[in-house]
Amino acid sequence: MSLVNEVSTLSYRPDLPMIVQSDRTILLETQHPSYMEARQALHGFAELIKSPEYMHTYRITPLSLWNAAAGGMTHDQVLDTLSSYSKYGVPPTIVGEIAETMGRYGRIRLEKSGEDLVLTSRDPLILTELTSYKSIQQLLERPHENGYVIKNYARGLIKQELARLGNPVQDMAGYTEGEPCPVRLRETTTAGRPFALRPYQMEAVDAFYSGGSATGGSGVLVLPCGAGKTVIGLGALCQLQTATLILTTNTTSVRQWIAELMDKTDLDPSMIGEYTGDRKEVKPVTVATYQILTHRPSSEDEFPHMKLFSERDWGLIIYDEVHLLPAPVFRVTSGIQATRRLGLTATLVREDGREEDVFTLIGPKKYEVPWKAMEEQGWIAEAHCREIRLPFEPKWREAYARATARQKFRIAAENPRKLEVVRYLLERHPQDQVLIIGQYVDQLDQMAEALQLPLITGKVPESERQQLYEQFKQGKIKRLIVSKVANFAVDLPDANVAIQISGTFGSRQEEAQRLGRILRPKAEENKAHFYTLVTRDTREQEFSLHRQLFLVEQGYPYDIIEMETLV
DNA sequence: TAGACAGGAA
DNA sequence: TGAAATCCTGTCTA
């Protein structure tokens, strides 16, 4: 470390792409020849927070460092990466902070001692310091030769509280095995096609399980859309052979999990249960929605369906789309820390900032497949992202200027000139399957009317949706306009071009999901196009930048095109 | 007993 | 920052 220190203060290397600042942010030049390489290296322990055209800003946070540490990265590796790309070396204060922060991961542990759960540390002083907090004290039962025995219900609470105090706990107390459930992956699907986990899917399952019952067995796997999250869940289930509760976002997804369980495992259908508004089955493998868990007759009542967590001796709980996990489910999860937990997601970021709860209550990031790596291996299509900026007509510019902050975003989003650009793009892609995606139903209505194209919103009955999906899938329809239904519909057919005419305020995961819609590998030319239409110099442009962060972090550059250069 | 629909929730 | 979609439950109809 002292070596890094010396080098960093002595040298100036103008040929390198990065500046590490003492506020733990990093500036990265995007035009630099080693930009891609540096981006990839940074991705392991820093978070992208701004991505204007020439200079990206990353930030190193405690959470990003702990996730890196949980993945086996050392602070020397982090510092090596930083110093090997940094023009001015690494400020000495940062060197110290990174070592200190990463050192905190694993410094405090929970261990099992007979029936007791013991909070312990190699460093008795730190234990004394932390247990002097009232909030911690009230969770302790009594002293122990290695530390403190905690109250039996406090396993989750104490981890949350200590993480809040900046000290993540490494939970080594192990898990209950759960009710056994013999199950294996099949080698051929019901349709007779050979089936096996792809290499990265196997690695993901191993990463989740590795370390056995103490360290392994809880955590989050981060996989792009189309990477086969469900299949990886099945892999974990077959690895553990235990009663499993699978939680997901909506009923379509519940049915899809069940279909996959039937198709790709040797479980008898009588062993698989659906727990939704329609049915309340509790079987060795049960699939439920988050919504039924959080439903309550009135806001003063208890959550009657939360008892599902204790209705069977679950050995594994799978949280699908863990970035959407609702707050009450976090609370219950805090109380069931002895059960193995697997989180699946395409984006670890939550727009509500509860990443820390995911880290402490579900577990650290265990494995991540970068989108670009999937693209290189041909598992997903190669995508081109373009932002097209267009002007207002004077009349609209005026309305925008007069509008309140609230209305501004919507006025910019509904800029009628977007229609011209959509027309132009449709002409450019005569043979492609195109999805036009938007946020406001009024705007979509007008667009559908003007272009004479079919439109799907939440109002369209399920049967009609299925029909349109089917025609689109067969190529009988080549264009489809969709509202936010596109975010939820698992059964939305694949396209190879998406035109986003408006999006929500700045949701990174929505952007990722929409790009995911067009990333299924294509038979002929394995290429996909993602266009996003934005009114120039408005709030819409700001929010668009925020939405793009996640994809830029994954290595998708956005080409900026001015509308005037198109027509 | 199933399906349609309204109303509330997050 | 706001709009839209979804889900769950209860009630009504056939």
# chains A, B, ... in the order shown; residues from 1 in each chain; ligands from 1
call {"tool": "closest_atom_pairs", "arguments": {"of": "chain A", "to": "chain C", "cutoff": "10 Å", "atoms": "only C-alpha atoms (C1' of nucleotides)", "output": "Markdown table"}}
result
| residue | atom | partner | partner_atom | distance |
| --- | --- | --- | --- | --- |
| A:Thr249 | CA | C:DT6 | C1' | 9.6 |
| A:Asn250 | CA | C:DC7 | C1' | 7.7 |
| A:Thr251 | CA | C:DC7 | C1' | 8.4 |
| A:Thr276 | CA | C:DC8 | C1' | 8.5 |
| A:Gly277 | CA | C:DC8 | C1' | 5.7 |
| A:Asp278 | CA | C:DC8 | C1' | 8.9 |
| A:Thr289 | CA | C:DC7 | C1' | 8.9 |
| A:Tyr290 | CA | C:DC7 | C1' | 9.5 |
| A:Gln291 | CA | C:DC7 | C1' | 6.3 |
| A:Ile292 | CA | C:DC8 | C1' | 6.9 |
| A:Thr294 | CA | C:DC8 | C1' | 9.9 |
| A:His295 | CA | C:DC8 | C1' | 7.0 |
| A:Arg296 | CA | C:DC8 | C1' | 9.0 |
| A:Pro297 | CA | C:DT9 | C1' | 8.2 |
| A:Ala405 | CA | C:DT1 | C1' | 7.7 |
| A:Arg406 | CA | C:DT1 | C1' | 5.9 |
| A:Gln407 | CA | C:DG2 | C1' | 9.2 |
| A:Phe409 | CA | C:DT1 | C1' | 9.2 |
| A:Arg410 | CA | C:DG2 | C1' | 9.0 |
| A:Gln439 | CA | C:DA3 | C1' | 7.7 |
| A:Tyr440 | CA | C:DA3 | C1' | 7.0 |
| A:Val441 | CA | C:DA4 | C1' | 8.0 |
| A:Thr457 | CA | C:DA5 | C1' | 8.5 |
| A:Gly458 | CA | C:DA5 | C1' | 5.9 |
| A:Lys459 | CA | C:DA5 | C1' | 9.0 |
| A:Ser483 | CA | C:DA4 | C1' | 8.3 |
| A:Lys484 | CA | C:DA4 | C1' | 6.7 |
| A:Val485 | CA | C:DA5 | C1' | 6.5 |
| A:Ala486 | CA | C:DA5 | C1' | 9.9 |
| A:Asn487 | CA | C:DA5 | C1' | 9.2 |
| A:Phe488 | CA | C:DA5 | C1' | 8.3 |
| A:Thr504 | CA | C:DA3 | C1' | 8.8 |
| A:Phe505 | CA | C:DT1 | C1' | 8.5 |
call {"tool": "write_last_selection", "arguments": {"atoms": "N, CA, C and O atoms", "output": "compact mmCIF listing (two decimals), in the first residue's frame"}}
result
# COMPACT_ATOMS: atom_id res chain seq x y z
N THR A 249 -43.20 -11.08 -9.43
CA THR A 249 -43.92 -9.82 -9.49
C THR A 249 -45.38 -9.91 -9.91
O THR A 249 -46.19 -9.14 -9.43
N ASN A 250 -45.72 -10.80 -10.80
CA ASN A 250 -47.11 -10.84 -11.27
C ASN A 250 -47.53 -12.26 -11.63
O ASN A 250 -46.71 -13.18 -11.65
N THR A 251 -48.82 -12.42 -11.92
CA THR A 251 -49.32 -13.78 -12.11
C THR A 251 -48.79 -14.44 -13.38
O THR A 251 -48.59 -15.64 -13.41
N THR A 276 -51.75 -17.32 -5.41
CA THR A 276 -52.08 -16.00 -5.96
C THR A 276 -53.50 -15.66 -5.54
O THR A 276 -54.09 -16.37 -4.72
N GLY A 277 -54.06 -14.61 -6.13
CA GLY A 277 -55.43 -14.25 -5.85
C GLY A 277 -56.40 -15.36 -6.23
O GLY A 277 -57.41 -15.59 -5.57
N ASP A 278 -56.07 -16.09 -7.30
CA ASP A 278 -56.94 -17.15 -7.79
C ASP A 278 -56.88 -18.42 -6.96
O ASP A 278 -57.88 -19.03 -6.68
N THR A 289 -47.03 -14.32 -5.72
CA THR A 289 -46.73 -12.94 -6.12
C THR A 289 -46.36 -12.13 -4.88
O THR A 289 -46.80 -12.44 -3.77
N TYR A 290 -45.59 -11.08 -5.08
CA TYR A 290 -45.31 -10.16 -3.97
C TYR A 290 -46.60 -9.52 -3.50
O TYR A 290 -46.78 -9.23 -2.33
N GLN A 291 -47.49 -9.30 -4.47
CA GLN A 291 -48.68 -8.54 -4.14
C GLN A 291 -49.59 -9.26 -3.16
O GLN A 291 -50.19 -8.64 -2.29
N ILE A 292 -49.66 -10.57 -3.29
CA ILE A 292 -50.54 -11.26 -2.34
C ILE A 292 -49.94 -11.22 -0.93
O ILE A 292 -50.66 -11.15 0.05
N THR A 294 -48.28 -8.73 0.32
CA THR A 294 -48.44 -7.40 0.89
C THR A 294 -49.89 -6.96 0.94
O THR A 294 -50.19 -5.84 1.33
N HIS A 295 -50.79 -7.83 0.52
CA HIS A 295 -52.19 -7.44 0.56
C HIS A 295 -52.71 -7.47 1.99
O HIS A 295 -52.43 -8.39 2.74
N ARG A 296 -53.49 -6.45 2.34
CA ARG A 296 -54.20 -6.50 3.61
C ARG A 296 -55.54 -5.80 3.45
O ARG A 296 -55.66 -4.84 2.69
N PRO A 297 -56.53 -6.31 4.20
CA PRO A 297 -57.90 -5.79 4.05
C PRO A 297 -57.96 -4.28 4.22
O PRO A 297 -58.64 -3.60 3.46
N ALA A 405 -43.19 23.29 -12.86
CA ALA A 405 -42.16 22.24 -12.92
C ALA A 405 -42.79 20.87 -13.18
O ALA A 405 -42.25 20.06 -13.92
N ARG A 406 -43.95 20.67 -12.57
CA ARG A 406 -44.64 19.41 -12.72
C ARG A 406 -45.02 19.11 -14.16
O ARG A 406 -44.83 18.02 -14.66
N GLN A 407 -45.62 20.13 -14.79
CA GLN A 407 -46.16 19.92 -16.15
C GLN A 407 -45.06 19.84 -17.20
O GLN A 407 -45.25 19.25 -18.26
N PHE A 409 -42.27 18.26 -17.64
CA PHE A 409 -41.82 16.95 -18.12
C PHE A 409 -42.80 16.37 -19.13
O PHE A 409 -42.42 15.88 -20.19
N ARG A 410 -44.08 16.47 -18.77
CA ARG A 410 -45.08 15.88 -19.65
C ARG A 410 -45.17 16.62 -20.99
O ARG A 410 -45.32 16.00 -22.04
N GLN A 439 -45.21 6.37 -22.50
CA GLN A 439 -45.61 6.45 -21.11
C GLN A 439 -47.03 6.99 -20.95
O GLN A 439 -47.71 6.66 -20.00
N TYR A 440 -47.46 7.87 -21.87
CA TYR A 440 -48.76 8.50 -21.72
C TYR A 440 -49.76 7.96 -22.73
O TYR A 440 -49.51 7.99 -23.94
N VAL A 441 -50.89 7.50 -22.22
CA VAL A 441 -51.88 6.86 -23.07
C VAL A 441 -52.41 7.83 -24.13
O VAL A 441 -52.61 7.44 -25.28
N THR A 457 -52.77 -1.00 -24.49
CA THR A 457 -52.62 -0.36 -23.18
C THR A 457 -53.25 -1.29 -22.15
O THR A 457 -53.75 -2.36 -22.50
N GLY A 458 -53.25 -0.86 -20.91
CA GLY A 458 -53.84 -1.67 -19.85
C GLY A 458 -55.33 -1.92 -20.04
O GLY A 458 -55.87 -2.88 -19.51
N LYS A 459 -55.98 -1.09 -20.82
CA LYS A 459 -57.43 -1.23 -21.01
C LYS A 459 -57.77 -2.36 -21.97
O LYS A 459 -58.86 -2.89 -21.94
N SER A 483 -48.00 0.64 -24.26
CA SER A 483 -47.86 1.54 -23.11
C SER A 483 -47.00 0.83 -22.06
O SER A 483 -46.24 -0.08 -22.37
N LYS A 484 -47.17 1.21 -20.81
CA LYS A 484 -46.39 0.59 -19.73
C LYS A 484 -46.67 -0.90 -19.56
O LYS A 484 -45.97 -1.57 -18.81
N VAL A 485 -47.70 -1.40 -20.26
CA VAL A 485 -47.91 -2.86 -20.19
C VAL A 485 -46.63 -3.59 -20.58
O VAL A 485 -46.38 -4.70 -20.11
N ALA A 486 -45.84 -2.94 -21.45
CA ALA A 486 -44.61 -3.57 -21.92
C ALA A 486 -43.66 -3.89 -20.77
O ALA A 486 -42.87 -4.83 -20.85
N ASN A 487 -43.76 -3.11 -19.67
CA ASN A 487 -42.86 -3.34 -18.54
C ASN A 487 -43.20 -4.63 -17.80
O ASN A 487 -42.35 -5.24 -17.19
N PHE A 488 -44.47 -5.00 -17.83
CA PHE A 488 -44.92 -6.13 -17.01
C PHE A 488 -45.11 -7.40 -17.82
O PHE A 488 -44.99 -8.49 -17.30
N THR A 504 -40.51 6.95 -17.99
CA THR A 504 -40.75 7.50 -16.66
C THR A 504 -39.57 8.33 -16.18
O THR A 504 -38.48 8.23 -16.73
N PHE A 505 -39.79 9.06 -15.12
CA PHE A 505 -38.89 10.15 -14.74
C PHE A 505 -37.39 9.87 -14.87
O PHE A 505 -36.66 10.71 -15.33
call {"tool": "select_by_dssp", "arguments": {"residues": "segment 196-225 of chain A", "states": "strand (DSSP E)", "output": "ChimeraX atom specification"}}
result
/A:218-222
call {"tool": "closest_atom_pairs", "arguments": {"of": "chain B", "to": "chain A", "cutoff": "12 Å", "atoms": "only C-alpha atoms (C1' of nucleotides)", "output": "CSV"}}
result
residue,atom,partner,partner_atom,distance
B:DA2,C1',A:Asp278,CA,11.7
B:DA4,C1',A:Pro461,CA,11.9
B:DG8,C1',A:Ser298,CA,8.8
B:DA9,C1',A:His295,CA,7.9
B:DA10,C1',A:Pro326,CA,8.8
call {"tool": "residues_around", "arguments": {"residues": "Asp491 of chain A", "least_positions_apart": "3", "cutoff": "12 Å", "atoms": "only C-alpha atoms (C1' of nucleotides)", "output": "PyMOL selection string"}}
result
chain A and resi 250-253+255-256+462+465-470+472-473+485-488+494+517
call {"tool": "write_last_selection", "arguments": {"atoms": "N, CA and C atoms", "output": "short mmCIF file (atom, residue, chain, number, x, y, z; two decimals), in the first residue's frame"}}
result
data_model
loop_
_atom_site.label_atom_id
_atom_site.label_comp_id
_atom_site.auth_asym_id
_atom_site.auth_seq_id
_atom_site.Cartn_x
_atom_site.Cartn_y
_atom_site.Cartn_z
N ASN A 250 -45.72 -10.80 -10.80
CA ASN A 250 -47.11 -10.84 -11.27
C ASN A 250 -47.53 -12.26 -11.63
N THR A 251 -48.82 -12.42 -11.92
CA THR A 251 -49.32 -13.78 -12.11
C THR A 251 -48.79 -14.44 -13.38
N THR A 252 -48.58 -13.62 -14.43
CA THR A 252 -48.02 -14.20 -15.66
C THR A 252 -46.67 -14.83 -15.35
N SER A 253 -45.90 -14.13 -14.54
CA SER A 253 -44.59 -14.64 -14.18
C SER A 253 -44.70 -15.87 -13.28
N ARG A 255 -47.08 -18.09 -13.46
CA ARG A 255 -47.43 -19.19 -14.37
C ARG A 255 -46.21 -19.63 -15.17
N GLN A 256 -45.36 -18.63 -15.52
CA GLN A 256 -44.18 -18.98 -16.30
C GLN A 256 -43.19 -19.82 -15.48
N GLU A 462 -57.32 -8.97 -22.11
CA GLU A 462 -56.26 -9.97 -22.24
C GLU A 462 -56.35 -10.74 -23.56
N ARG A 465 -55.08 -8.76 -26.45
CA ARG A 465 -53.61 -8.64 -26.38
C ARG A 465 -52.96 -9.89 -26.96
N GLN A 466 -53.44 -11.05 -26.51
CA GLN A 466 -52.87 -12.31 -26.97
C GLN A 466 -52.90 -12.40 -28.49
N GLN A 467 -54.04 -11.98 -29.07
CA GLN A 467 -54.19 -12.02 -30.52
C GLN A 467 -53.12 -11.17 -31.21
N LEU A 468 -52.98 -9.93 -30.70
CA LEU A 468 -52.01 -9.02 -31.32
C LEU A 468 -50.58 -9.55 -31.13
N TYR A 469 -50.29 -10.05 -29.93
CA TYR A 469 -48.96 -10.62 -29.68
C TYR A 469 -48.68 -11.73 -30.69
N GLU A 470 -49.68 -12.58 -30.89
CA GLU A 470 -49.52 -13.73 -31.77
C GLU A 470 -49.23 -13.28 -33.21
N PHE A 472 -48.03 -10.45 -34.15
CA PHE A 472 -46.72 -9.79 -34.18
C PHE A 472 -45.62 -10.84 -34.23
N LYS A 473 -45.80 -11.87 -33.43
CA LYS A 473 -44.81 -12.96 -33.35
C LYS A 473 -44.65 -13.62 -34.72
N VAL A 485 -47.70 -1.40 -20.26
CA VAL A 485 -47.91 -2.86 -20.19
C VAL A 485 -46.63 -3.59 -20.58
N ALA A 486 -45.84 -2.94 -21.45
CA ALA A 486 -44.61 -3.57 -21.92
C ALA A 486 -43.66 -3.89 -20.77
N ASN A 487 -43.76 -3.11 -19.67
CA ASN A 487 -42.86 -3.34 -18.54
C ASN A 487 -43.20 -4.63 -17.80
N PHE A 488 -44.47 -5.00 -17.83
CA PHE A 488 -44.92 -6.13 -17.01
C PHE A 488 -45.11 -7.40 -17.82
N ASP A 494 -40.85 -10.76 -29.09
CA ASP A 494 -39.59 -10.08 -29.32
C ASP A 494 -39.66 -9.24 -30.58
N ARG A 517 -36.06 -6.06 -24.12
CA ARG A 517 -37.13 -6.52 -25.01
C ARG A 517 -36.65 -6.87 -26.41
#
call {"tool": "residues_around", "arguments": {"residues": "segment 359-368 of chain A", "least_positions_apart": "5", "cutoff": "6 Å", "atoms": "only C-alpha atoms (C1' of nucleotides)", "output": "JSON list (two decimals) with C-alpha atoms, in the first residue's frame"}}
result
[["chain", "number", "residue", "atom", "x", "y", "z"],
["A", 67, "ASN", "CA", -20.12, -6.17, -2.66],
["A", 204, "ALA", "CA", -24.02, -18.72, -11.31],
["A", 207, "ALA", "CA", -21.37, -19.08, -7.04],
["A", 208, "PHE", "CA", -24.63, -18.99, -5.13],
["A", 218, "SER", "CA", -27.57, -16.64, 0.23],
["A", 219, "GLY", "CA", -27.06, -13.76, -2.11],
["A", 220, "VAL", "CA", -27.99, -12.07, -5.32],
["A", 221, "LEU", "CA", -27.26, -13.08, -8.91],
["A", 222, "VAL", "CA", -27.26, -10.27, -11.46],
["A", 223, "LEU", "CA", -28.16, -11.38, -14.96],
["A", 334, "SER", "CA", -35.49, -9.82, 8.27],
["A", 341, "ARG", "CA", -32.29, -16.74, 0.14]]
call {"tool": "select_by_dssp", "arguments": {"residues": "segment 148-295 of chain A", "states": "helix (DSSP H, G or I)", "output": "PyMOL selection string"}}
result
chain A and resi 155-164+199-209+229-240+251-264+269-271+290-294
call {"tool": "atom_distance", "arguments": {"atom1": "atom CA of Arg514 of chain A", "atom2": "atom CA of Pro493 of chain A"}}
result
12.3 Å
call {"tool": "closest_residue", "arguments": {"among": "A:Gln513, A:Gln377, A:Gln541, A:Gln446", "to": "Ala413 of chain A", "atoms": "only C-alpha atoms"}}
result
A:Gln541
call {"tool": "residues_around", "arguments": {"residues": "Trp66 of chain A", "least_positions_apart": "5", "cutoff": "9 Å", "atoms": "only C-alpha atoms (C1' of nucleotides)", "output": "PDB file with N, CA and C atoms, in the first residue's frame"}}
result
ATOM      1  N   PHE A  45     -16.337  -2.354  -8.651  1.00  0.00           N
ATOM      2  CA  PHE A  45     -16.378  -1.774  -7.304  1.00  0.00           C
ATOM      3  C   PHE A  45     -16.840  -0.326  -7.271  1.00  0.00           C
ATOM      4  N   THR A  61     -18.685   3.689  -3.287  1.00  0.00           N
ATOM      5  CA  THR A  61     -19.481   3.776  -2.069  1.00  0.00           C
ATOM      6  C   THR A  61     -19.115   2.598  -1.162  1.00  0.00           C
ATOM      7  N   GLY A  71     -17.354 -10.590  -3.091  1.00  0.00           N
ATOM      8  CA  GLY A  71     -17.016 -11.366  -4.274  1.00  0.00           C
ATOM      9  C   GLY A  71     -15.552 -11.788  -4.293  1.00  0.00           C
ATOM     10  N   THR A 101     -12.546   0.657   4.575  1.00  0.00           N
ATOM     11  CA  THR A 101     -13.931   0.241   4.299  1.00  0.00           C
ATOM     12  C   THR A 101     -14.001  -1.240   3.948  1.00  0.00           C
ATOM     13  N   MET A 102     -13.113  -1.675   3.070  1.00  0.00           N
ATOM     14  CA  MET A 102     -13.166  -3.086   2.683  1.00  0.00           C
ATOM     15  C   MET A 102     -12.785  -3.989   3.850  1.00  0.00           C
ATOM     16  N   GLY A 103     -11.905  -3.480   4.693  1.00  0.00           N
ATOM     17  CA  GLY A 103     -11.514  -4.249   5.874  1.00  0.00           C
ATOM     18  C   GLY A 103     -12.673  -4.481   6.836  1.00  0.00           C
ATOM     19  N   ARG A 104     -13.663  -3.586   6.753  1.00  0.00           N
ATOM     20  CA  ARG A 104     -14.809  -3.737   7.648  1.00  0.00           C
ATOM     21  C   ARG A 104     -15.681  -4.915   7.253  1.00  0.00           C
ATOM     22  N   TYR A 105     -15.623  -5.305   5.960  1.00  0.00           N
ATOM     23  CA  TYR A 105     -16.414  -6.463   5.558  1.00  0.00           C
ATOM     24  C   TYR A 105     -15.763  -7.721   6.121  1.00  0.00           C
ATOM     25  N   PRO A 168     -20.926  -3.897   8.069  1.00  0.00           N
ATOM     26  CA  PRO A 168     -21.679  -5.051   7.588  1.00  0.00           C
ATOM     27  C   PRO A 168     -21.271  -6.304   8.354  1.00  0.00           C
ATOM     28  N   PRO A 364     -25.073 -10.572  -0.270  1.00  0.00           N
ATOM     29  CA  PRO A 364     -24.238  -9.814  -1.197  1.00  0.00           C
ATOM     30  C   PRO A 364     -24.394 -10.327  -2.632  1.00  0.00           C
TER      31      PRO A 364
END
call {"tool": "atom_distance", "arguments": {"atom1": "atom CA of Leu63 of chain A", "atom2": "atom CA of Glu356 of chain A"}}
result
7.0 Å
